[in-house]
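S.K.: What follows is model-v8.csv, CSV, C-alpha atoms.
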```
chain,number,residue,atom,x,y,z
P,132,MET,CA,210.1,223.7,184.5
P,133,LEU,CA,207.4,225.4,186.6
P,134,SER,CA,203.9,226.1,185.2
P,135,PHE,CA,201.1,228.0,186.6
P,136,CYS,CA,197.4,227.8,186.0
P,137,LEU,CA,195.5,230.9,187.0
P,138,VAL,CA,191.9,230.4,187.6
P,139,GLN,CA,189.9,233.6,187.4
P,140,PRO,CA,186.9,233.8,189.7
P,141,ALA,CA,183.5,234.0,188.1
P,142,MET,CA,182.6,237.6,187.4
P,143,ALA,CA,179.3,239.1,188.7
P,144,LEU,CA,177.1,239.6,185.8
P,145,VAL,CA,173.9,241.4,184.9
P,146,ALA,CA,172.5,239.0,182.4
P,147,ARG,CA,169.4,241.2,181.7
P,148,ALA,CA,168.2,244.6,182.8
P,149,GLN,CA,165.1,246.2,181.4
P,150,PHE,CA,162.0,248.4,182.1
P,151,ALA,CA,158.6,246.8,181.8
P,152,ASN,CA,154.9,247.4,182.5
P,153,ASP,CA,154.8,244.5,184.9
P,154,VAL,CA,156.6,241.4,186.1
P,155,VAL,CA,154.7,238.1,186.2
P,156,ASP,CA,156.1,234.7,187.3
P,157,ARG,CA,159.5,236.4,187.8
P,158,GLU,CA,159.7,237.6,184.2
P,159,PRO,CA,159.1,241.0,182.6
P,160,VAL,CA,155.9,241.1,180.5
P,161,ASN,CA,157.5,243.4,177.9
P,162,ASP,CA,160.4,245.8,177.2
P,163,ILE,CA,159.0,249.4,177.2
P,164,GLY,CA,162.1,250.9,175.8
P,165,ASP,CA,163.7,254.3,176.5
P,166,THR,CA,160.8,256.7,176.2
P,167,ILE,CA,157.5,256.8,178.2
P,168,LYS,CA,154.9,259.4,177.6
P,169,VAL,CA,152.9,261.0,180.5
P,170,ILE,CA,149.3,259.9,180.5
P,171,TYR,CA,147.2,262.6,182.2
P,172,GLY,CA,144.9,261.5,184.9
P,173,GLU,CA,146.8,258.3,185.5
P,174,ILE,CA,149.6,257.0,187.6
P,175,GLN,CA,151.9,254.8,185.6
P,176,ARG,CA,154.0,252.1,187.3
P,177,VAL,CA,157.3,251.3,185.7
P,178,TYR,CA,159.2,248.1,186.7
P,179,PHE,CA,162.9,247.6,186.5
P,180,PHE,CA,163.8,243.9,186.2
P,181,THR,CA,167.3,242.4,186.6
P,182,ASP,CA,168.6,238.9,186.1
P,183,LEU,CA,171.8,238.6,188.1
P,184,ARG,CA,174.4,235.8,187.9
P,185,ASP,CA,177.2,234.6,190.2
P,186,MET,CA,176.3,237.1,192.9
P,187,SER,CA,175.1,234.8,195.7
P,188,GLY,CA,175.5,236.3,199.1
P,189,HIS,CA,175.7,239.9,197.8
P,190,LYS,CA,173.4,242.8,198.6
P,191,VAL,CA,172.5,244.7,195.5
P,192,ILE,CA,170.7,248.0,195.3
P,193,HIS,CA,168.4,249.4,192.7
P,194,ARG,CA,169.0,253.2,192.9
P,195,TRP,CA,166.3,255.2,191.1
P,196,LEU,CA,167.4,258.7,190.0
P,197,LEU,CA,165.5,261.5,188.4
P,198,ASN,CA,167.7,263.9,186.4
P,199,GLY,CA,170.7,262.7,188.4
P,200,GLU,CA,169.1,263.1,191.9
P,201,ILE,CA,168.4,260.0,194.0
P,202,GLN,CA,164.7,259.3,194.5
P,203,VAL,CA,164.9,255.9,196.3
P,204,GLU,CA,167.3,253.0,196.9
P,205,LEU,CA,165.9,249.5,197.2
P,206,PRO,CA,168.2,246.8,198.6
P,207,PHE,CA,168.0,243.1,197.6
P,208,ASP,CA,169.7,240.1,199.2
P,209,ILE,CA,170.9,237.8,196.5
P,210,GLY,CA,170.2,234.2,197.4
P,211,GLY,CA,171.6,232.1,194.5
P,212,ASP,CA,173.9,232.0,191.5
P,213,ARG,CA,171.0,233.1,189.3
P,214,TRP,CA,168.7,235.6,190.9
P,215,ARG,CA,165.9,237.8,189.4
P,216,VAL,CA,164.9,240.9,191.2
P,217,TRP,CA,162.7,243.9,190.3
P,218,SER,CA,161.6,247.2,191.7
P,219,SER,CA,159.1,249.7,190.6
P,220,LYS,CA,158.3,253.4,190.7
P,221,LYS,CA,154.9,255.1,190.3
P,222,LEU,CA,155.2,258.0,187.8
P,223,MET,CA,152.8,260.9,187.7
P,224,PRO,CA,152.6,264.0,185.6
P,225,GLY,CA,155.3,266.3,186.9
P,226,PHE,CA,157.8,263.5,187.3
P,227,ASP,CA,159.0,264.0,183.7
P,228,GLY,CA,162.7,263.9,182.9
P,229,LEU,CA,165.5,261.4,182.6
P,230,TRP,CA,165.0,258.4,184.9
P,231,THR,CA,168.0,256.2,185.6
P,232,VAL,CA,168.2,253.0,187.6
P,233,GLU,CA,171.7,252.0,188.8
P,234,ILE,CA,172.5,248.5,189.9
P,235,VAL,CA,174.8,248.9,192.8
P,236,ASP,CA,177.0,246.1,194.3
P,237,ASN,CA,179.1,246.9,197.3
P,238,GLY,CA,179.1,250.7,196.6
P,239,THR,CA,180.0,250.2,192.9
P,240,VAL,CA,177.5,250.8,190.0
P,241,ILE,CA,177.8,247.6,187.9
P,242,GLU,CA,175.2,248.6,185.3
P,243,SER,CA,172.5,251.2,184.7
P,244,ARG,CA,169.6,251.8,182.4
P,245,SER,CA,167.7,255.0,181.6
P,246,PHE,CA,164.4,256.2,180.1
P,247,ASN,CA,162.9,259.5,179.4
P,248,TYR,CA,159.5,260.3,180.9
P,249,VAL,CA,158.2,262.8,178.4
P,250,ASP,CA,155.4,265.3,178.9
P,251,ASP,CA,154.1,266.1,175.4
P,252,PHE,CA,151.0,268.0,176.6
P,253,GLU,CA,150.1,270.9,174.4
P,254,TYR,CA,148.1,273.8,175.7
```
Reformat the file's structure so that it appears as structure tokens.
M.R.:
Amino acid sequence: MLSFCLVQPAMALVARAQFANDVVDREPVNDIGDTIKVIYGEIQRVYFFTDLRDMSGHKVIHRWLLNGEIQVELPFDIGGDRWRVWSSKKLMPGFDGLWTVEIVDNGTVIESRSFNYVDDFEY
């Protein structure tokens, strides 16, 4: 009788992904949710934080999109089995719309998060 034991390799994992007002000591200070209102006269910085697992040796990209159009791609070299990375974007009035950040590994989007940057200004 023959028996086989198949061992599955560890799967790359995004343990956490969230938008925050800042990252301190490699941790997001809050979770700002899925709607951000334009504040006139100010530039708002939004951080995208990810906690990645079992991706040592990979190069991961944070791809920021506004209404489906790429604004910037920021690469990160993953140096350990648990690796926290974050990127940020300055938002100003006129940048309103649906913002999405895709986490890209080897050309494949492995996770994404979105928020609406809403201009509620009334004339």
S.K.: Do you know which residues are at most 7 Å from segment 230-235 of chain P counting only C-alpha atoms, after dropping those on the same chain fewer than 2 positions away, and could you put them as number ranges by chain?
M.R.: P: 191-198, 228, 237-247
S.K.: Counting all atoms listed in the file, figure out which residue out of P:Val249, P:Leu229, P:Met223, P:Val154 gets nearest to Phe180 of chain P.
M.R.: P:Val154
S.K.: Please report the interatomic distance between atom CA of Ile174 of chain P and atom CA of Glu200 of chain P in Å with one decimal.
M.R.: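 Distance reported for this atom pair: 20.9 Å.
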S.K.: I need the residue nearest Tyr178 of chain P from this list: P:Ala151, P:Val145, P:Leu205, P:Leu222. Use only C-alpha atoms for the distance.
M.R.: P:Ala151
S.K.: Give me, please, the distance in Å between atom CA of Arg147 of chain P and atom CA of Thr181 of chain P, quoted to one decimal.
M.R.: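 Going from atom CA of Arg147 of chain P over to atom CA of Thr181 of chain P, I get 5.5 Å.
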S.K.: Between P:Gly210, P:Arg215, P:Ile170, P:Gly225, which residue has the minimum interatomic distance to Asp156 of chain P, considering all atoms listed in the file?
M.R.: P:Arg215
S.K.: Using only C-alpha atoms, which residues sit within 10 Å of Tyr171 of chain P once same-chain residues fewer than 2 positions away are excluded, as a JSON list (two decimals) with C-alpha atoms, keeping the file's coordinate frame?
M.R.:
```json
[["chain", "number", "residue", "atom", "x", "y", "z"],
["P", 168, "LYS", "CA", 154.90, 259.40, 177.60],
["P", 169, "VAL", "CA", 152.90, 261.00, 180.50],
["P", 173, "GLU", "CA", 146.80, 258.30, 185.50],
["P", 174, "ILE", "CA", 149.60, 257.00, 187.60],
["P", 175, "GLN", "CA", 151.90, 254.80, 185.60],
["P", 223, "MET", "CA", 152.80, 260.90, 187.70],
["P", 224, "PRO", "CA", 152.60, 264.00, 185.60],
["P", 250, "ASP", "CA", 155.40, 265.30, 178.90],
["P", 252, "PHE", "CA", 151.00, 268.00, 176.60]]
```
S.K.: Counting only C-alpha atoms, figure out which residue out of P:Pro206, P:Phe179, P:Asp185, P:Gly172 gets nearest to Ser218 of chain P.
M.R.: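 Residue with the minimum atom-to-atom distance to Ser218 of chain P: P:Phe179.
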S.K.: Tell me which of P:Phe207, P:Trp217, P:Tyr248, P:Phe150 sits closest to Ile163 of chain P, counting all atoms listed in the file.
M.R.: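 Going through P:Phe207, P:Trp217, P:Tyr248, P:Phe150 one by one, the smallest distance to Ile163 of chain P is for P:Phe150.
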S.K.: Can you tell me how far atom CA of Arg184 of chain P sits from atom CA of Ala146 of chain P, in Å to one decimal?
M.R.: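 Computing the Euclidean distance for atom CA of Arg184 of chain P and atom CA of Ala146 of chain P yields 6.6 Å.
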S.K.: Nearest to Trp214 of chain P among P:Gly188, P:Gly199, P:Gly164, P:Pro159, with distances taken over only C-alpha atoms: which residue is it?
M.R.: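 Checking each of P:Gly188, P:Gly199, P:Gly164, P:Pro159 against Trp214 of chain P, counting only C-alpha atoms, the winner is P:Gly188.
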S.K.: Quick one: everything within 6 Å of Ile209 of chain P, counting all atoms listed in the file, minus sequence neighbours fewer than 2 positions away in the same chain. Send it as a list in words.
M.R.: Ser187, Gly188, His189 and Lys190 of chain P
